[in-house]
$ cat target_2.cif   # mmCIF, N, CA and C atoms and all ligand atoms
data_coords
loop_
_atom_site.label_atom_id
_atom_site.label_comp_id
_atom_site.auth_asym_id
_atom_site.auth_seq_id
_atom_site.Cartn_x
_atom_site.Cartn_y
_atom_site.Cartn_z
N MET G 1 4.46 11.18 -15.92
CA MET G 1 4.35 9.85 -15.31
C MET G 1 4.80 9.88 -13.86
N GLU G 2 4.08 9.16 -13.04
CA GLU G 2 4.47 9.01 -11.64
C GLU G 2 4.55 7.53 -11.29
N ARG G 3 5.29 7.26 -10.22
CA ARG G 3 5.30 5.92 -9.64
C ARG G 3 4.85 6.02 -8.18
N THR G 4 4.18 4.99 -7.72
CA THR G 4 3.75 4.95 -6.33
C THR G 4 3.94 3.55 -5.79
N LEU G 5 4.07 3.46 -4.46
CA LEU G 5 4.20 2.15 -3.81
C LEU G 5 2.83 1.69 -3.33
N VAL G 6 2.47 0.49 -3.70
CA VAL G 6 1.25 -0.15 -3.21
C VAL G 6 1.65 -1.39 -2.43
N LEU G 7 1.04 -1.58 -1.27
CA LEU G 7 1.17 -2.84 -0.53
C LEU G 7 -0.20 -3.47 -0.41
N VAL G 8 -0.26 -4.78 -0.67
CA VAL G 8 -1.42 -5.56 -0.22
C VAL G 8 -1.03 -6.07 1.16
N LYS G 9 -1.75 -5.58 2.18
CA LYS G 9 -1.40 -5.85 3.57
C LYS G 9 -1.67 -7.33 3.91
N PRO G 10 -1.17 -7.79 5.07
CA PRO G 10 -1.29 -9.22 5.39
C PRO G 10 -2.70 -9.78 5.29
N ASN G 11 -3.70 -9.03 5.68
CA ASN G 11 -5.06 -9.60 5.60
C ASN G 11 -5.53 -9.69 4.14
N GLY G 12 -5.04 -8.81 3.29
CA GLY G 12 -5.39 -8.90 1.87
C GLY G 12 -4.78 -10.13 1.23
N VAL G 13 -3.53 -10.44 1.60
CA VAL G 13 -2.89 -11.65 1.09
C VAL G 13 -3.61 -12.88 1.64
N GLU G 14 -3.85 -12.88 2.94
CA GLU G 14 -4.50 -14.03 3.59
C GLU G 14 -5.88 -14.31 2.98
N ARG G 15 -6.58 -13.25 2.63
CA ARG G 15 -7.93 -13.41 2.09
C ARG G 15 -7.96 -13.66 0.57
N GLY G 16 -6.80 -13.73 -0.03
CA GLY G 16 -6.74 -14.04 -1.46
C GLY G 16 -7.15 -12.88 -2.35
N LEU G 17 -6.83 -11.65 -1.90
CA LEU G 17 -7.25 -10.46 -2.66
C LEU G 17 -6.15 -9.86 -3.51
N VAL G 18 -5.00 -10.54 -3.61
CA VAL G 18 -3.90 -9.97 -4.39
C VAL G 18 -4.32 -9.76 -5.84
N GLY G 19 -4.87 -10.80 -6.44
CA GLY G 19 -5.26 -10.70 -7.85
C GLY G 19 -6.32 -9.63 -8.07
N GLU G 20 -7.27 -9.54 -7.17
CA GLU G 20 -8.31 -8.52 -7.25
C GLU G 20 -7.71 -7.11 -7.25
N VAL G 21 -6.77 -6.89 -6.33
CA VAL G 21 -6.16 -5.56 -6.21
C VAL G 21 -5.31 -5.26 -7.44
N VAL G 22 -4.45 -6.20 -7.80
CA VAL G 22 -3.58 -5.98 -8.97
C VAL G 22 -4.43 -5.79 -10.22
N GLY G 23 -5.48 -6.62 -10.34
CA GLY G 23 -6.33 -6.54 -11.52
C GLY G 23 -7.01 -5.18 -11.68
N ARG G 24 -7.41 -4.61 -10.58
CA ARG G 24 -8.04 -3.29 -10.66
C ARG G 24 -7.07 -2.25 -11.22
N PHE G 25 -5.82 -2.28 -10.73
CA PHE G 25 -4.85 -1.31 -11.24
C PHE G 25 -4.53 -1.57 -12.71
N GLU G 26 -4.37 -2.84 -13.06
CA GLU G 26 -4.08 -3.18 -14.46
C GLU G 26 -5.22 -2.77 -15.38
N ARG G 27 -6.43 -3.06 -14.98
CA ARG G 27 -7.57 -2.72 -15.84
C ARG G 27 -7.75 -1.23 -15.99
N ARG G 28 -7.35 -0.47 -14.96
CA ARG G 28 -7.42 0.98 -15.05
C ARG G 28 -6.43 1.53 -16.08
N GLY G 29 -5.38 0.75 -16.35
CA GLY G 29 -4.37 1.20 -17.32
C GLY G 29 -3.04 1.55 -16.68
N LEU G 30 -2.97 1.40 -15.37
CA LEU G 30 -1.69 1.60 -14.69
C LEU G 30 -0.78 0.42 -15.00
N ARG G 31 0.53 0.66 -14.91
CA ARG G 31 1.49 -0.38 -15.25
C ARG G 31 2.27 -0.82 -14.02
N LEU G 32 2.48 -2.13 -13.91
CA LEU G 32 3.33 -2.67 -12.84
C LEU G 32 4.78 -2.55 -13.26
N ARG G 33 5.60 -1.98 -12.38
CA ARG G 33 7.04 -1.86 -12.67
C ARG G 33 7.89 -2.69 -11.73
N GLY G 34 7.28 -3.28 -10.71
CA GLY G 34 7.98 -4.18 -9.80
C GLY G 34 6.95 -4.81 -8.89
N MET G 35 7.21 -6.05 -8.47
CA MET G 35 6.28 -6.70 -7.54
C MET G 35 7.00 -7.83 -6.81
N LYS G 36 6.74 -7.95 -5.51
CA LYS G 36 7.35 -9.04 -4.73
C LYS G 36 6.49 -9.35 -3.51
N MET G 37 6.61 -10.60 -3.05
CA MET G 37 6.02 -10.98 -1.76
C MET G 37 7.13 -11.01 -0.73
N LEU G 38 6.84 -10.50 0.45
CA LEU G 38 7.83 -10.51 1.52
C LEU G 38 7.14 -10.42 2.87
N VAL G 39 7.89 -10.78 3.91
CA VAL G 39 7.43 -10.54 5.28
C VAL G 39 8.20 -9.33 5.79
N VAL G 40 7.48 -8.29 6.18
CA VAL G 40 8.10 -7.06 6.67
C VAL G 40 8.60 -7.30 8.10
N ASP G 41 9.86 -6.93 8.35
CA ASP G 41 10.35 -7.03 9.73
C ASP G 41 10.10 -5.71 10.46
N ARG G 42 10.33 -5.74 11.76
CA ARG G 42 10.02 -4.57 12.59
C ARG G 42 10.78 -3.33 12.13
N ALA G 43 12.05 -3.51 11.75
CA ALA G 43 12.86 -2.36 11.35
C ALA G 43 12.28 -1.69 10.11
N LEU G 44 11.90 -2.50 9.12
CA LEU G 44 11.31 -1.93 7.90
C LEU G 44 9.96 -1.29 8.22
N ALA G 45 9.16 -1.94 9.06
CA ALA G 45 7.85 -1.38 9.41
C ALA G 45 8.00 -0.01 10.07
N GLU G 46 8.98 0.11 10.95
CA GLU G 46 9.16 1.38 11.66
C GLU G 46 9.66 2.47 10.73
N ARG G 47 10.48 2.10 9.74
CA ARG G 47 10.92 3.11 8.76
C ARG G 47 9.77 3.49 7.85
N HIS G 48 9.03 2.49 7.39
CA HIS G 48 7.90 2.78 6.51
C HIS G 48 6.92 3.75 7.17
N TYR G 49 6.58 3.46 8.42
CA TYR G 49 5.54 4.22 9.11
C TYR G 49 6.12 5.27 10.07
N GLU G 50 7.31 5.79 9.77
CA GLU G 50 7.97 6.70 10.71
C GLU G 50 7.12 7.94 11.02
N GLU G 51 6.29 8.37 10.06
CA GLU G 51 5.46 9.56 10.32
C GLU G 51 4.44 9.31 11.44
N HIS G 52 4.18 8.05 11.74
CA HIS G 52 3.16 7.73 12.75
C HIS G 52 3.76 7.36 14.11
N VAL G 53 5.10 7.45 14.24
CA VAL G 53 5.73 7.16 15.53
C VAL G 53 5.11 8.06 16.60
N GLY G 54 4.77 7.48 17.73
CA GLY G 54 4.20 8.27 18.83
C GLY G 54 2.69 8.28 18.86
N LYS G 55 2.05 7.88 17.77
CA LYS G 55 0.58 7.84 17.76
C LYS G 55 0.07 6.60 18.50
N GLY G 56 -1.13 6.68 18.99
CA GLY G 56 -1.69 5.61 19.81
C GLY G 56 -1.79 4.28 19.09
N PHE G 57 -1.95 4.34 17.77
CA PHE G 57 -2.13 3.10 17.02
C PHE G 57 -0.82 2.55 16.44
N PHE G 58 0.31 3.21 16.76
CA PHE G 58 1.57 2.83 16.11
C PHE G 58 1.95 1.37 16.39
N ALA G 59 1.84 0.95 17.65
CA ALA G 59 2.24 -0.43 17.99
C ALA G 59 1.38 -1.44 17.24
N ASP G 60 0.09 -1.18 17.17
CA ASP G 60 -0.82 -2.07 16.44
C ASP G 60 -0.50 -2.09 14.95
N LEU G 61 -0.14 -0.92 14.43
CA LEU G 61 0.19 -0.79 13.01
C LEU G 61 1.41 -1.65 12.66
N VAL G 62 2.46 -1.54 13.48
CA VAL G 62 3.67 -2.31 13.24
C VAL G 62 3.40 -3.80 13.43
N SER G 63 2.64 -4.12 14.47
CA SER G 63 2.31 -5.52 14.73
C SER G 63 1.54 -6.13 13.56
N PHE G 64 0.59 -5.37 13.03
CA PHE G 64 -0.22 -5.89 11.93
C PHE G 64 0.58 -6.05 10.65
N ILE G 65 1.35 -5.05 10.28
CA ILE G 65 2.03 -5.09 8.97
C ILE G 65 3.13 -6.15 8.96
N THR G 66 3.60 -6.56 10.16
CA THR G 66 4.62 -7.61 10.25
C THR G 66 4.01 -8.99 10.52
N SER G 67 2.69 -9.09 10.50
CA SER G 67 2.02 -10.31 10.97
C SER G 67 1.96 -11.44 9.95
N GLY G 68 2.33 -11.15 8.72
CA GLY G 68 2.28 -12.19 7.68
C GLY G 68 2.77 -11.61 6.38
N PRO G 69 2.84 -12.42 5.34
CA PRO G 69 3.36 -11.93 4.07
C PRO G 69 2.51 -10.80 3.48
N ILE G 70 3.19 -9.88 2.84
CA ILE G 70 2.53 -8.82 2.07
C ILE G 70 2.98 -8.93 0.62
N VAL G 71 2.29 -8.25 -0.26
CA VAL G 71 2.77 -8.09 -1.63
C VAL G 71 3.00 -6.60 -1.87
N ALA G 72 4.22 -6.28 -2.24
CA ALA G 72 4.61 -4.89 -2.52
C ALA G 72 4.73 -4.72 -4.03
N MET G 73 4.24 -3.59 -4.53
CA MET G 73 4.37 -3.34 -5.97
C MET G 73 4.57 -1.86 -6.25
N VAL G 74 5.26 -1.61 -7.34
CA VAL G 74 5.41 -0.26 -7.86
C VAL G 74 4.49 -0.12 -9.05
N VAL G 75 3.61 0.88 -8.96
CA VAL G 75 2.59 1.11 -9.97
C VAL G 75 2.88 2.45 -10.64
N GLU G 76 2.82 2.46 -11.94
CA GLU G 76 3.18 3.66 -12.70
C GLU G 76 2.04 4.11 -13.60
N GLY G 77 1.92 5.41 -13.74
CA GLY G 77 0.93 5.97 -14.67
C GLY G 77 0.79 7.45 -14.45
N PRO G 78 -0.04 8.10 -15.25
CA PRO G 78 -0.29 9.53 -15.06
C PRO G 78 -0.92 9.77 -13.69
N SER G 79 -0.34 10.68 -12.92
CA SER G 79 -0.88 10.98 -11.57
C SER G 79 -1.13 9.70 -10.76
N ALA G 80 -0.20 8.77 -10.85
CA ALA G 80 -0.41 7.46 -10.21
C ALA G 80 -0.66 7.56 -8.71
N VAL G 81 -0.01 8.51 -8.05
CA VAL G 81 -0.20 8.63 -6.60
C VAL G 81 -1.67 8.91 -6.29
N LYS G 82 -2.23 9.90 -6.93
CA LYS G 82 -3.64 10.26 -6.67
C LYS G 82 -4.61 9.20 -7.20
N VAL G 83 -4.33 8.70 -8.38
CA VAL G 83 -5.24 7.70 -8.97
C VAL G 83 -5.33 6.47 -8.07
N VAL G 84 -4.18 6.02 -7.56
CA VAL G 84 -4.18 4.85 -6.68
C VAL G 84 -4.88 5.16 -5.37
N ARG G 85 -4.60 6.32 -4.79
CA ARG G 85 -5.27 6.69 -3.52
C ARG G 85 -6.79 6.74 -3.72
N ASP G 86 -7.21 7.31 -4.83
CA ASP G 86 -8.66 7.38 -5.10
C ASP G 86 -9.25 5.98 -5.24
N MET G 87 -8.51 5.08 -5.90
CA MET G 87 -9.02 3.71 -6.09
C MET G 87 -9.02 2.92 -4.78
N MET G 88 -8.15 3.29 -3.84
CA MET G 88 -8.11 2.60 -2.54
C MET G 88 -9.26 3.04 -1.64
N GLY G 89 -9.64 4.30 -1.69
CA GLY G 89 -10.69 4.81 -0.82
C GLY G 89 -10.14 5.33 0.50
N ALA G 90 -11.04 5.84 1.32
CA ALA G 90 -10.66 6.50 2.57
C ALA G 90 -9.92 5.53 3.50
N THR G 91 -9.05 6.11 4.34
CA THR G 91 -8.27 5.31 5.31
C THR G 91 -9.17 4.45 6.17
N ASP G 92 -10.25 5.06 6.69
CA ASP G 92 -11.22 4.29 7.48
C ASP G 92 -12.24 3.69 6.52
N PRO G 93 -12.23 2.38 6.39
CA PRO G 93 -13.10 1.74 5.39
C PRO G 93 -14.58 2.04 5.59
N VAL G 94 -14.95 2.39 6.81
CA VAL G 94 -16.35 2.77 7.05
C VAL G 94 -16.73 4.00 6.22
N ASP G 95 -15.73 4.84 5.95
CA ASP G 95 -15.96 6.06 5.16
C ASP G 95 -15.64 5.87 3.68
N ALA G 96 -15.11 4.70 3.31
CA ALA G 96 -14.67 4.50 1.92
C ALA G 96 -15.87 4.21 1.01
N MET G 97 -15.86 4.83 -0.13
CA MET G 97 -16.98 4.68 -1.07
C MET G 97 -17.00 3.28 -1.67
N PRO G 98 -18.20 2.71 -1.85
CA PRO G 98 -18.30 1.47 -2.63
C PRO G 98 -17.64 1.68 -4.00
N GLY G 99 -16.98 0.65 -4.48
CA GLY G 99 -16.25 0.79 -5.75
C GLY G 99 -14.78 1.02 -5.52
N THR G 100 -14.43 1.46 -4.30
CA THR G 100 -13.01 1.53 -3.95
C THR G 100 -12.60 0.20 -3.31
N ILE G 101 -11.29 -0.02 -3.24
CA ILE G 101 -10.81 -1.29 -2.67
C ILE G 101 -11.23 -1.42 -1.21
N ARG G 102 -10.95 -0.37 -0.43
CA ARG G 102 -11.34 -0.43 0.98
C ARG G 102 -12.86 -0.44 1.13
N GLY G 103 -13.55 0.28 0.28
CA GLY G 103 -15.01 0.33 0.34
C GLY G 103 -15.67 -0.98 -0.05
N ASP G 104 -14.96 -1.80 -0.78
CA ASP G 104 -15.53 -3.09 -1.20
C ASP G 104 -15.06 -4.25 -0.32
N PHE G 105 -13.90 -4.11 0.34
CA PHE G 105 -13.30 -5.29 0.99
C PHE G 105 -12.91 -5.10 2.44
N ALA G 106 -13.23 -3.98 3.06
CA ALA G 106 -12.77 -3.76 4.44
C ALA G 106 -13.80 -3.00 5.26
N LEU G 107 -13.69 -3.18 6.58
CA LEU G 107 -14.50 -2.42 7.54
C LEU G 107 -13.68 -1.90 8.71
N ASP G 108 -12.46 -2.44 8.89
CA ASP G 108 -11.64 -2.15 10.06
C ASP G 108 -10.49 -1.25 9.64
N ILE G 109 -10.36 -0.08 10.28
CA ILE G 109 -9.31 0.87 9.89
C ILE G 109 -7.91 0.26 10.05
N GLY G 110 -7.75 -0.61 11.02
CA GLY G 110 -6.44 -1.21 11.25
C GLY G 110 -6.09 -2.27 10.23
N GLU G 111 -7.10 -2.79 9.55
CA GLU G 111 -6.88 -3.88 8.59
C GLU G 111 -7.54 -3.52 7.27
N ASN G 112 -7.05 -2.41 6.70
CA ASN G 112 -7.73 -1.84 5.53
C ASN G 112 -7.14 -2.28 4.18
N VAL G 113 -6.53 -3.47 4.19
CA VAL G 113 -6.21 -4.26 2.99
C VAL G 113 -5.06 -3.72 2.13
N VAL G 114 -4.98 -2.41 1.97
CA VAL G 114 -3.97 -1.86 1.06
C VAL G 114 -3.29 -0.62 1.65
N HIS G 115 -2.07 -0.38 1.18
CA HIS G 115 -1.35 0.86 1.43
C HIS G 115 -1.03 1.50 0.08
N GLY G 116 -1.11 2.81 0.02
CA GLY G 116 -0.62 3.55 -1.14
C GLY G 116 0.07 4.81 -0.68
N SER G 117 1.18 5.15 -1.30
CA SER G 117 1.93 6.36 -0.92
C SER G 117 1.02 7.58 -1.03
N ASP G 118 1.29 8.58 -0.17
CA ASP G 118 0.39 9.75 -0.14
C ASP G 118 0.94 10.96 -0.89
N GLY G 119 2.08 10.83 -1.55
CA GLY G 119 2.63 11.95 -2.32
C GLY G 119 3.80 11.48 -3.15
N VAL G 120 4.24 12.32 -4.06
CA VAL G 120 5.33 11.92 -4.96
C VAL G 120 6.62 11.70 -4.18
N GLU G 121 6.90 12.56 -3.21
CA GLU G 121 8.13 12.42 -2.43
C GLU G 121 8.08 11.19 -1.53
N SER G 122 6.93 10.98 -0.87
CA SER G 122 6.83 9.79 -0.02
C SER G 122 6.87 8.53 -0.87
N ALA G 123 6.34 8.59 -2.08
CA ALA G 123 6.40 7.43 -2.97
C ALA G 123 7.86 7.07 -3.27
N LYS G 124 8.67 8.08 -3.57
CA LYS G 124 10.09 7.80 -3.85
C LYS G 124 10.76 7.16 -2.64
N ARG G 125 10.49 7.73 -1.47
CA ARG G 125 11.09 7.20 -0.24
C ARG G 125 10.64 5.77 0.00
N GLU G 126 9.34 5.53 -0.12
CA GLU G 126 8.80 4.20 0.18
C GLU G 126 9.24 3.16 -0.86
N ILE G 127 9.27 3.54 -2.13
CA ILE G 127 9.73 2.60 -3.16
C ILE G 127 11.15 2.14 -2.83
N SER G 128 12.00 3.09 -2.39
CA SER G 128 13.39 2.74 -2.10
C SER G 128 13.52 1.85 -0.87
N LEU G 129 12.52 1.85 0.00
CA LEU G 129 12.53 0.95 1.17
C LEU G 129 12.28 -0.50 0.75
N TYR G 130 11.49 -0.68 -0.29
CA TYR G 130 11.05 -2.04 -0.67
C TYR G 130 11.77 -2.60 -1.89
N PHE G 131 12.31 -1.70 -2.74
CA PHE G 131 12.90 -2.16 -4.00
C PHE G 131 14.25 -1.51 -4.24
N ALA G 132 15.23 -2.33 -4.64
CA ALA G 132 16.48 -1.80 -5.16
C ALA G 132 16.22 -1.34 -6.59
N PRO G 133 16.98 -0.34 -7.06
CA PRO G 133 16.73 0.17 -8.42
C PRO G 133 16.71 -0.95 -9.47
N GLY G 134 17.59 -1.92 -9.32
CA GLY G 134 17.68 -3.01 -10.30
C GLY G 134 16.48 -3.94 -10.29
N GLU G 135 15.64 -3.84 -9.29
CA GLU G 135 14.46 -4.70 -9.21
C GLU G 135 13.26 -4.09 -9.95
N LEU G 136 13.41 -2.88 -10.43
CA LEU G 136 12.31 -2.22 -11.14
C LEU G 136 12.59 -2.21 -12.63
N VAL G 137 11.55 -2.36 -13.42
CA VAL G 137 11.72 -2.31 -14.86
C VAL G 137 11.26 -0.95 -15.39
N SER G 138 11.76 -0.58 -16.55
CA SER G 138 11.36 0.67 -17.16
C SER G 138 10.30 0.40 -18.22
N ALA G 139 9.72 1.48 -18.72
CA ALA G 139 8.66 1.35 -19.72
C ALA G 139 9.21 0.66 -20.97
N1 LIG V 1 -6.24 1.54 14.70
C1 LIG V 1 -6.03 2.64 13.98
N2 LIG V 1 -5.31 2.55 12.84
C2 LIG V 1 -5.12 3.68 12.13
C3 LIG V 1 -5.63 4.93 12.51
N3 LIG V 1 -5.26 5.86 11.59
C4 LIG V 1 -4.53 5.19 10.68
N4 LIG V 1 -4.44 3.87 11.00
C5 LIG V 1 -3.74 2.82 10.26
O1 LIG V 1 -2.47 3.32 9.90
C6 LIG V 1 -2.31 3.28 8.48
C7 LIG V 1 -1.50 4.49 8.06
O2 LIG V 1 -2.24 5.65 8.37
P1 LIG V 1 -2.38 6.83 7.30
O3 LIG V 1 -1.06 7.03 6.63
O4 LIG V 1 -2.97 7.99 8.01
O5 LIG V 1 -3.48 6.26 6.27
P2 LIG V 1 -3.35 5.77 4.77
O6 LIG V 1 -2.29 6.61 4.10
O7 LIG V 1 -4.72 5.98 4.17
O8 LIG V 1 -2.99 4.30 4.81
C8 LIG V 1 -3.74 3.26 7.94
O9 LIG V 1 -3.82 2.65 6.68
C9 LIG V 1 -4.48 2.48 8.99
O10 LIG V 1 -4.37 1.07 8.76
C10 LIG V 1 -6.41 5.00 13.71
O11 LIG V 1 -6.89 6.06 14.11
N5 LIG V 1 -6.58 3.83 14.40
MG MG V 2 -0.38 7.02 4.71
#
$ encode --input "target_2.cif" --output "structure tokens"
Amino acid sequence: MERTLVLVKPNGVERGLVGEVVGRFERRGLRLRGMKMLVVDRALAERHYEEHVGKGFFADLVSFITSGPIVAMVVEGPSAVKVVRDMMGATDPVDAMPGTIRGDFALDIGENVVHGSDGVESAKREISLYFAPGELVSA
């Protein structure tokens, strides 16, 4: 079993896609172990996206992720990191396959509706940024 962090980004919340995104994971058989709505502040955004510090799009990335409420969730299942990434589709929605979340609901790389951790270690780090241990439930 693995756990991964999923965010519905501000445009996904604004567009009313939270249920759509959560429903896809639930119907696939993945389990929700924690979920909350919050507004990300600059400090959390910079820690979350620390691997992208110095890149040309970093300022836009921080500005966007802090621009409105997001929904953060911990999703659990077999190979959850890969399964979720596959269901989200390519980072650039123009390259994302139809049937994926980004392939069905996005066209702009900067506003690609969802975030999913890219590995088991980054998932642990990112989950701890958004959730205290007591906020997560066990199987
Ligand atoms: N504007 C812009 N945004 C980007 C670019 N690359 C990545 N991003 C954004 O930064 C986020 C984090 O990048 P990355 O970790 O590489 O992609 P992800 O793991 O698929 O979300 C992506 O989801 C995009 O929203 C880029 O070249 N231009
Ligand atoms: Mg990433």
$ select_by_dssp --input "target_2.cif" --residues "chain G" --states "strand (DSSP E or B)" --output "list in words"
Glu2, Arg3, Thr4, Leu5, Val6, Leu7, Val8, Arg31, Leu32, Arg33, Gly34, Met35, Lys36, Met37, Leu38, Ile70, Val71, Ala72, Met73, Val74, Val75, Glu76, Gly77, Pro98, Thr100, Val114, His115 and Gly116 of chain G
$ closest_residue --input "target_2.cif" --among "G:Pro78, G:Gly110, G:Gly34, G:Gly23" --to "Asn11 (chain G)" --atoms "only C-alpha atoms"
G:Gly110
$ closest_atom_pairs --input "target_2.cif" --of "chain G" --to "ligand MG 2 (chain V)" --cutoff "9 Å" --atoms "only C-alpha atoms and all ligand atoms" --output "JSON lines"
{"residue": "G:Tyr49", "atom": "CA", "partner": "V:MG2", "partner_atom": "MG", "distance": 7.9}
{"residue": "G:Glu51", "atom": "CA", "partner": "V:MG2", "partner_atom": "MG", "distance": 8.5}
{"residue": "G:His52", "atom": "CA", "partner": "V:MG2", "partner_atom": "MG", "distance": 8.8}
{"residue": "G:Thr91", "atom": "CA", "partner": "V:MG2", "partner_atom": "MG", "distance": 8.1}
{"residue": "G:His115", "atom": "CA", "partner": "V:MG2", "partner_atom": "MG", "distance": 7.0}
{"residue": "G:Gly116", "atom": "CA", "partner": "V:MG2", "partner_atom": "MG", "distance": 6.8}
{"residue": "G:Ser117", "atom": "CA", "partner": "V:MG2", "partner_atom": "MG", "distance": 6.1}
{"residue": "G:Asp118", "atom": "CA", "partner": "V:MG2", "partner_atom": "MG", "distance": 5.6}
$ closest_atom_pairs --input "target_2.cif" --of "chain G" --to "ligand LIG 1 (chain V)" --cutoff "7 Å" --atoms "all atoms listed in the file" --output "tab-separated table"
residue	atom	partner	partner_atom	distance
G:Gly56	C	V:LIG1	N5	6.7
G:Phe57	CA	V:LIG1	C1	5.0
G:Phe58	N	V:LIG1	N2	6.9
G:Asp60	CA	V:LIG1	N1	6.7
G:Leu61	CA	V:LIG1	O1	5.8
G:Gly89	C	V:LIG1	O7	6.6
G:Ala90	C	V:LIG1	O7	5.3
G:Thr91	CA	V:LIG1	O7	3.8
G:Asp92	N	V:LIG1	O7	6.1
G:Asp108	C	V:LIG1	O10	6.6
G:Ile109	C	V:LIG1	O10	3.9
G:Gly110	CA	V:LIG1	O10	4.0
G:Glu111	N	V:LIG1	O10	4.8
G:Asn112	N	V:LIG1	O10	4.9
G:Val113	N	V:LIG1	O10	6.8
G:Val114	C	V:LIG1	O8	5.9
G:His115	CA	V:LIG1	O8	5.1
G:Gly116	N	V:LIG1	O8	5.4
G:Ser117	C	V:LIG1	O6	6.2
G:Asp118	N	V:LIG1	O6	5.9
$ closest_residue --input "target_2.cif" --among "G:Arg3, G:Arg102, G:Lys82, G:Arg31" --to "Ile127 (chain G)" --atoms "only C-alpha atoms"
G:Arg3
$ select_by_dssp --input "target_2.cif" --residues "region 67-133 of chain G" --states "alpha helix (DSSP H)" --output "NGL selection string"
:G and (80-88 or 101-105 or 120-130)
$ atom_distance --input "target_2.cif" --atom1 "CA of Glu126 (chain G)" --atom2 "CA of Met35 (chain G)"
13.6 Å
$ atom_distance --input "target_2.cif" --atom1 "CA of Ala72 (chain G)" --atom2 "CA of Tyr130 (chain G)"
7.3 Å
$ closest_residue --input "target_2.cif" --among "G:Val71, G:Asp86, G:Ala45, G:Val53" --to "Val8 (chain G)" --atoms "all atoms listed in the file"
G:Val71
$ residues_around --input "target_2.cif" --residues "Phe25 (chain G)" --least-positions-apart "5" --cutoff "9 Å" --atoms "only C-alpha atoms" --output "VMD selection string"
chain G and resid 20 30 to 32 75 84 87
$ build_atoms --input "target_2.cif" --residues "region 88-100 of chain G" --atoms "N, CA, C and O atoms" --output "PDB file, in the coordinates of the input"
ATOM      1  N   MET G  88      -8.150   3.290  -3.840  1.00  0.00           N
ATOM      2  CA  MET G  88      -8.110   2.600  -2.540  1.00  0.00           C
ATOM      3  C   MET G  88      -9.260   3.040  -1.640  1.00  0.00           C
ATOM      4  O   MET G  88      -9.750   2.260  -0.839  1.00  0.00           O
ATOM      5  N   GLY G  89      -9.640   4.300  -1.690  1.00  0.00           N
ATOM      6  CA  GLY G  89     -10.690   4.810  -0.820  1.00  0.00           C
ATOM      7  C   GLY G  89     -10.140   5.330   0.500  1.00  0.00           C
ATOM      8  O   GLY G  89      -8.949   5.263   0.768  1.00  0.00           O
ATOM      9  N   ALA G  90     -11.040   5.840   1.320  1.00  0.00           N
ATOM     10  CA  ALA G  90     -10.660   6.500   2.570  1.00  0.00           C
ATOM     11  C   ALA G  90      -9.920   5.530   3.500  1.00  0.00           C
ATOM     12  O   ALA G  90     -10.169   4.325   3.487  1.00  0.00           O
ATOM     13  N   THR G  91      -9.050   6.110   4.340  1.00  0.00           N
ATOM     14  CA  THR G  91      -8.270   5.310   5.310  1.00  0.00           C
ATOM     15  C   THR G  91      -9.170   4.450   6.170  1.00  0.00           C
ATOM     16  O   THR G  91      -8.903   3.274   6.391  1.00  0.00           O
ATOM     17  N   ASP G  92     -10.250   5.060   6.690  1.00  0.00           N
ATOM     18  CA  ASP G  92     -11.220   4.290   7.480  1.00  0.00           C
ATOM     19  C   ASP G  92     -12.240   3.690   6.520  1.00  0.00           C
ATOM     20  O   ASP G  92     -13.033   4.410   5.913  1.00  0.00           O
ATOM     21  N   PRO G  93     -12.230   2.380   6.390  1.00  0.00           N
ATOM     22  CA  PRO G  93     -13.100   1.740   5.390  1.00  0.00           C
ATOM     23  C   PRO G  93     -14.580   2.040   5.590  1.00  0.00           C
ATOM     24  O   PRO G  93     -15.356   1.969   4.633  1.00  0.00           O
ATOM     25  N   VAL G  94     -14.950   2.390   6.810  1.00  0.00           N
ATOM     26  CA  VAL G  94     -16.350   2.770   7.050  1.00  0.00           C
ATOM     27  C   VAL G  94     -16.730   4.000   6.220  1.00  0.00           C
ATOM     28  O   VAL G  94     -17.889   4.178   5.844  1.00  0.00           O
ATOM     29  N   ASP G  95     -15.730   4.840   5.950  1.00  0.00           N
ATOM     30  CA  ASP G  95     -15.960   6.060   5.160  1.00  0.00           C
ATOM     31  C   ASP G  95     -15.640   5.870   3.680  1.00  0.00           C
ATOM     32  O   ASP G  95     -15.818   6.803   2.885  1.00  0.00           O
ATOM     33  N   ALA G  96     -15.110   4.700   3.310  1.00  0.00           N
ATOM     34  CA  ALA G  96     -14.670   4.500   1.920  1.00  0.00           C
ATOM     35  C   ALA G  96     -15.870   4.210   1.010  1.00  0.00           C
ATOM     36  O   ALA G  96     -16.760   3.438   1.367  1.00  0.00           O
ATOM     37  N   MET G  97     -15.860   4.830  -0.130  1.00  0.00           N
ATOM     38  CA  MET G  97     -16.980   4.680  -1.070  1.00  0.00           C
ATOM     39  C   MET G  97     -17.000   3.280  -1.670  1.00  0.00           C
ATOM     40  O   MET G  97     -15.948   2.722  -2.004  1.00  0.00           O
ATOM     41  N   PRO G  98     -18.200   2.710  -1.850  1.00  0.00           N
ATOM     42  CA  PRO G  98     -18.300   1.470  -2.630  1.00  0.00           C
ATOM     43  C   PRO G  98     -17.640   1.680  -4.000  1.00  0.00           C
ATOM     44  O   PRO G  98     -17.732   2.762  -4.573  1.00  0.00           O
ATOM     45  N   GLY G  99     -16.980   0.650  -4.480  1.00  0.00           N
ATOM     46  CA  GLY G  99     -16.250   0.790  -5.750  1.00  0.00           C
ATOM     47  C   GLY G  99     -14.780   1.020  -5.520  1.00  0.00           C
ATOM     48  O   GLY G  99     -13.976   0.830  -6.426  1.00  0.00           O
ATOM     49  N   THR G 100     -14.430   1.460  -4.300  1.00  0.00           N
ATOM     50  CA  THR G 100     -13.010   1.530  -3.950  1.00  0.00           C
ATOM     51  C   THR G 100     -12.600   0.200  -3.310  1.00  0.00           C
ATOM     52  O   THR G 100     -13.447  -0.581  -2.879  1.00  0.00           O
TER      53      THR G 100
END
